[in-house]
Amino acid sequence: MAYRYLVIFLVLCLFPLAGFTQSNSYNLNVYPDIWYNDVDGVRIGGFVLGEMEGEFQSGPHRLDAGVWLGTNLPDLPVSYYLSFTEPILNKDDRLNEGNVRLISSVRTGFSFHELSVNKRWQIGFDEYTFRELNLSFTRQKMFDGAYRPYPQLWSDNWKSLAEIDFKIGRNFEVGRFLFESGVTQKFGTNSFTKIDLEINQQFKLPKGFEIKLRGFSGYISDRAAPEFYYGKSYRPAVEWLQKGISRAEGTIPQNLLDEGLIHLTGGANMRGYAIQELKELNSNPNPLNYQFVGVVNTEVEFPNPVNLLYRESIVGDFIRFRSYLFADAGIFYRDNYQGTPDIILDEVNQSAEAGLGFQFSVNIPDYLGKDRGFALRYEIPFWLSDPAPGDEKFKFRNLIGIGAVISL
């Protein structure tokens, strides 16, 4: 019941803000919003963006908040999201700004509260050449498993986490480069450490050909919470909450997930193994996830007439239709199952795959030039080195992907 009173308090705080008229110095812009999941049903509400007039979300006192009502009237029918950002360093230079950010959210059965300090360094107006450093402290808890597509991947206790993330981007003549790293430390009972490293490199070739490479490595220490473990094809369950489309059960039809016909990007990204992994999640109350993953994803793009048509029009800067061959290979290790002391394993698995893919993407950069959009993929993983028992290595398989595996 404590969640109900917290939500009501924040709703009472936010609705007066939404009713303010625009002043000469600060703008509050209110927008309607509608979404769906199986627990809330149709979720209706709105969000408000607050900013100093003329700053375009780059000045002081930046507000991003929303309140929603689940029309199915679940146990907690009202949910909210609140983000407030205040510049503290280089306040007049949005390209090299430092800021403090507060996030508080109670929605889709998950309570999340974060305080972070963030710094960006950028050279000139080249948004692809930058460095970013983020330090954060988080309190979070999954309190309603009905929202989770696969509740066996979750624990339900409060967690205190500290995280440091560092990114480097470069725009070389041969193509873009991006390095990302993150270290997460849980404090208190059953503490654990999680480390992620990711490198992306693009190589532009003549006549519309292109090679994209991605290397990803992730490690989590023993006895960690299950939502932080890795899958072979999917990102850790806690990261599903980062996108509205995967935040709760039913936004994507559950039968499509259970059959492995949908691939969500992140983590190891061995896309062809989504079919057997998600079928296992649907049938096995104790799926075996991985403590260490190391993967290389490769895409070789070749020209197609549809994309050439887009490039010659005014929408070519925002819309792309890619065709590519892909090949992925990785090594996966598990020592124990999701912190369960009576199931001890010592298993190393190596897997590879190859296939053909097509991707349609729309990208409208934000005020800093960062990518902001979506990507839809149709992929045919026609070869798997380690198929499910009784399955063939060479076989026609198909899946729909949401998000770019290599987003350069």
# chains A, B, ... in the order shown; residues from 1 in each chain; ligands from 1

call {"tool": "residues_around", "arguments": {"residues": "region 38-44 of chain A", "least_positions_apart": "3", "cutoff": "9 Å", "atoms": "only C-alpha atoms", "output": "PyMOL selection string"}}
result
chain A and resi 32-35+67-74+76-77+108+146-147+248-251

call {"tool": "write_last_selection", "arguments": {"atoms": "N, CA and C atoms", "output": "compact mmCIF listing (two decimals), in the first residue's frame"}}
result
# COMPACT_ATOMS: atom_id res chain seq x y z
N PRO A 32 -0.62 14.23 -24.58
CA PRO A 32 -1.33 13.00 -24.22
C PRO A 32 -0.49 11.78 -24.55
N ASP A 33 -0.79 10.66 -23.90
CA ASP A 33 -0.03 9.43 -24.14
C ASP A 33 -0.96 8.23 -23.93
N ILE A 34 -0.76 7.21 -24.74
CA ILE A 34 -1.54 5.98 -24.61
C ILE A 34 -0.63 4.80 -24.92
N TRP A 35 -0.79 3.71 -24.16
CA TRP A 35 0.04 2.52 -24.33
C TRP A 35 -0.77 1.32 -23.91
N VAL A 67 2.20 10.74 -16.00
CA VAL A 67 1.28 10.03 -15.10
C VAL A 67 0.30 9.27 -15.98
N TRP A 68 -0.01 7.99 -15.59
CA TRP A 68 -0.88 7.16 -16.40
C TRP A 68 -1.87 6.39 -15.51
N LEU A 69 -3.00 6.04 -16.10
CA LEU A 69 -4.02 5.23 -15.44
C LEU A 69 -4.24 3.97 -16.27
N GLY A 70 -4.14 2.80 -15.59
CA GLY A 70 -4.43 1.53 -16.25
C GLY A 70 -5.92 1.27 -16.24
N THR A 71 -6.54 1.17 -17.42
CA THR A 71 -7.99 1.04 -17.50
C THR A 71 -8.50 -0.31 -17.01
N ASN A 72 -7.62 -1.32 -16.87
CA ASN A 72 -8.02 -2.58 -16.24
C ASN A 72 -8.12 -2.47 -14.73
N LEU A 73 -7.68 -1.33 -14.18
CA LEU A 73 -7.68 -1.07 -12.74
C LEU A 73 -7.00 -2.19 -11.96
N PRO A 74 -5.70 -2.40 -12.20
CA PRO A 74 -4.95 -3.41 -11.43
C PRO A 74 -4.75 -2.94 -9.99
N LEU A 76 -2.32 -1.52 -8.59
CA LEU A 76 -1.79 -0.15 -8.57
C LEU A 76 -2.13 0.50 -9.91
N PRO A 77 -3.32 1.07 -10.04
CA PRO A 77 -3.79 1.53 -11.35
C PRO A 77 -3.09 2.78 -11.86
N THR A 108 4.55 -0.43 -14.15
CA THR A 108 4.64 -1.82 -14.59
C THR A 108 5.29 -2.73 -13.54
N ALA A 146 3.31 -10.01 -12.04
CA ALA A 146 2.31 -10.19 -13.08
C ALA A 146 2.67 -9.43 -14.36
N TYR A 147 3.47 -8.37 -14.24
CA TYR A 147 3.87 -7.59 -15.40
C TYR A 147 5.01 -8.23 -16.19
N ALA A 248 6.65 -4.56 -20.25
CA ALA A 248 5.63 -5.35 -19.57
C ALA A 248 5.04 -6.36 -20.54
N GLU A 249 4.47 -7.42 -19.98
CA GLU A 249 3.87 -8.47 -20.80
C GLU A 249 2.68 -7.95 -21.59
N GLY A 250 2.60 -8.35 -22.84
CA GLY A 250 1.43 -8.05 -23.66
C GLY A 250 1.61 -6.92 -24.64
N THR A 251 2.56 -6.02 -24.42
CA THR A 251 2.81 -4.98 -25.42
C THR A 251 3.25 -5.63 -26.72

call {"tool": "atom_distance", "arguments": {"atom1": "CA of Ser155 (chain A)", "atom2": "CA of Pro226 (chain A)"}}
result
6.5 Å

call {"tool": "residues_around", "arguments": {"residues": "Ile220 (chain A)", "least_positions_apart": "4", "cutoff": "9 Å", "atoms": "only C-alpha atoms", "output": "list of chain:residue names"}}
result
A:Phe192, A:Thr193, A:Lys194, A:Ile195, A:Asp196, A:Ala224, A:Phe228, A:Tyr229, A:Tyr230, A:Tyr290, A:Gln291, A:Phe292

call {"tool": "residues_around", "arguments": {"residues": "Phe187 (chain A)", "least_positions_apart": "4", "cutoff": "9 Å", "atoms": "only C-alpha atoms", "output": "list in words"}}
result
Lys159, Ser160, Leu161, Ala162, Ser191 and Phe192 of chain A

call {"tool": "write_last_selection", "arguments": {"atoms": "all heavy atoms", "output": "JSON list (two decimals), in the first residue's frame"}}
result
[["chain", "number", "residue", "atom", "x", "y", "z"],
["A", 159, "LYS", "N", 17.09, -3.50, -3.88],
["A", 159, "LYS", "CA", 18.52, -3.54, -4.22],
["A", 159, "LYS", "C", 19.07, -2.12, -4.23],
["A", 159, "LYS", "O", 18.44, -1.20, -4.79],
["A", 159, "LYS", "CB", 18.74, -4.20, -5.58],
["A", 159, "LYS", "CG", 18.26, -5.64, -5.64],
["A", 159, "LYS", "CD", 18.35, -6.18, -7.03],
["A", 159, "LYS", "CE", 17.71, -7.56, -7.09],
["A", 159, "LYS", "NZ", 16.25, -7.51, -6.80],
["A", 160, "SER", "N", 20.25, -1.96, -3.65],
["A", 160, "SER", "CA", 20.98, -0.70, -3.71],
["A", 160, "SER", "C", 22.18, -0.90, -4.63],
["A", 160, "SER", "O", 23.03, -1.77, -4.36],
["A", 160, "SER", "CB", 21.46, -0.27, -2.31],
["A", 160, "SER", "OG", 20.36, -0.05, -1.46],
["A", 161, "LEU", "N", 22.26, -0.11, -5.69],
["A", 161, "LEU", "CA", 23.27, -0.31, -6.72],
["A", 161, "LEU", "C", 24.02, 0.99, -6.98],
["A", 161, "LEU", "O", 23.43, 2.07, -7.01],
["A", 161, "LEU", "CB", 22.62, -0.77, -8.03],
["A", 161, "LEU", "CG", 21.77, -2.03, -8.00],
["A", 161, "LEU", "CD1", 20.98, -2.18, -9.29],
["A", 161, "LEU", "CD2", 22.64, -3.25, -7.78],
["A", 162, "ALA", "N", 25.31, 0.87, -7.18],
["A", 162, "ALA", "CA", 26.14, 1.98, -7.67],
["A", 162, "ALA", "C", 26.67, 1.58, -9.04],
["A", 162, "ALA", "O", 27.06, 0.43, -9.26],
["A", 162, "ALA", "CB", 27.29, 2.27, -6.71],
["A", 191, "SER", "N", 25.67, -9.32, -2.18],
["A", 191, "SER", "CA", 26.27, -8.32, -3.07],
["A", 191, "SER", "C", 26.89, -9.02, -4.27],
["A", 191, "SER", "O", 27.28, -10.19, -4.22],
["A", 191, "SER", "CB", 27.34, -7.51, -2.32],
["A", 191, "SER", "OG", 28.40, -8.35, -1.91],
["A", 192, "PHE", "N", 26.97, -8.29, -5.37],
["A", 192, "PHE", "CA", 27.57, -8.81, -6.59],
["A", 192, "PHE", "C", 28.11, -7.66, -7.43],
["A", 192, "PHE", "O", 27.79, -6.49, -7.21],
["A", 192, "PHE", "CB", 26.58, -9.66, -7.40],
["A", 192, "PHE", "CG", 25.37, -8.90, -7.88],
["A", 192, "PHE", "CD1", 25.40, -8.14, -9.04],
["A", 192, "PHE", "CD2", 24.17, -8.98, -7.18],
["A", 192, "PHE", "CE1", 24.28, -7.46, -9.49],
["A", 192, "PHE", "CE2", 23.04, -8.29, -7.62],
["A", 192, "PHE", "CZ", 23.10, -7.53, -8.77]]

call {"tool": "select_by_dssp", "arguments": {"residues": "region 96-277 of chain A", "states": "helix (DSSP H, G or I)", "output": "count of residues only"}}
result
34

call {"tool": "closest_residue", "arguments": {"among": "A:Ser79, A:Asn286, A:Gln57, A:Thr129", "to": "Lys167 (chain A)", "atoms": "only C-alpha atoms"}}
result
A:Thr129

call {"tool": "closest_residue", "arguments": {"among": "A:Glu299, A:Leu308, A:Met270, A:Thr265", "to": "Ala404 (chain A)", "atoms": "only C-alpha atoms"}}
result
A:Thr265
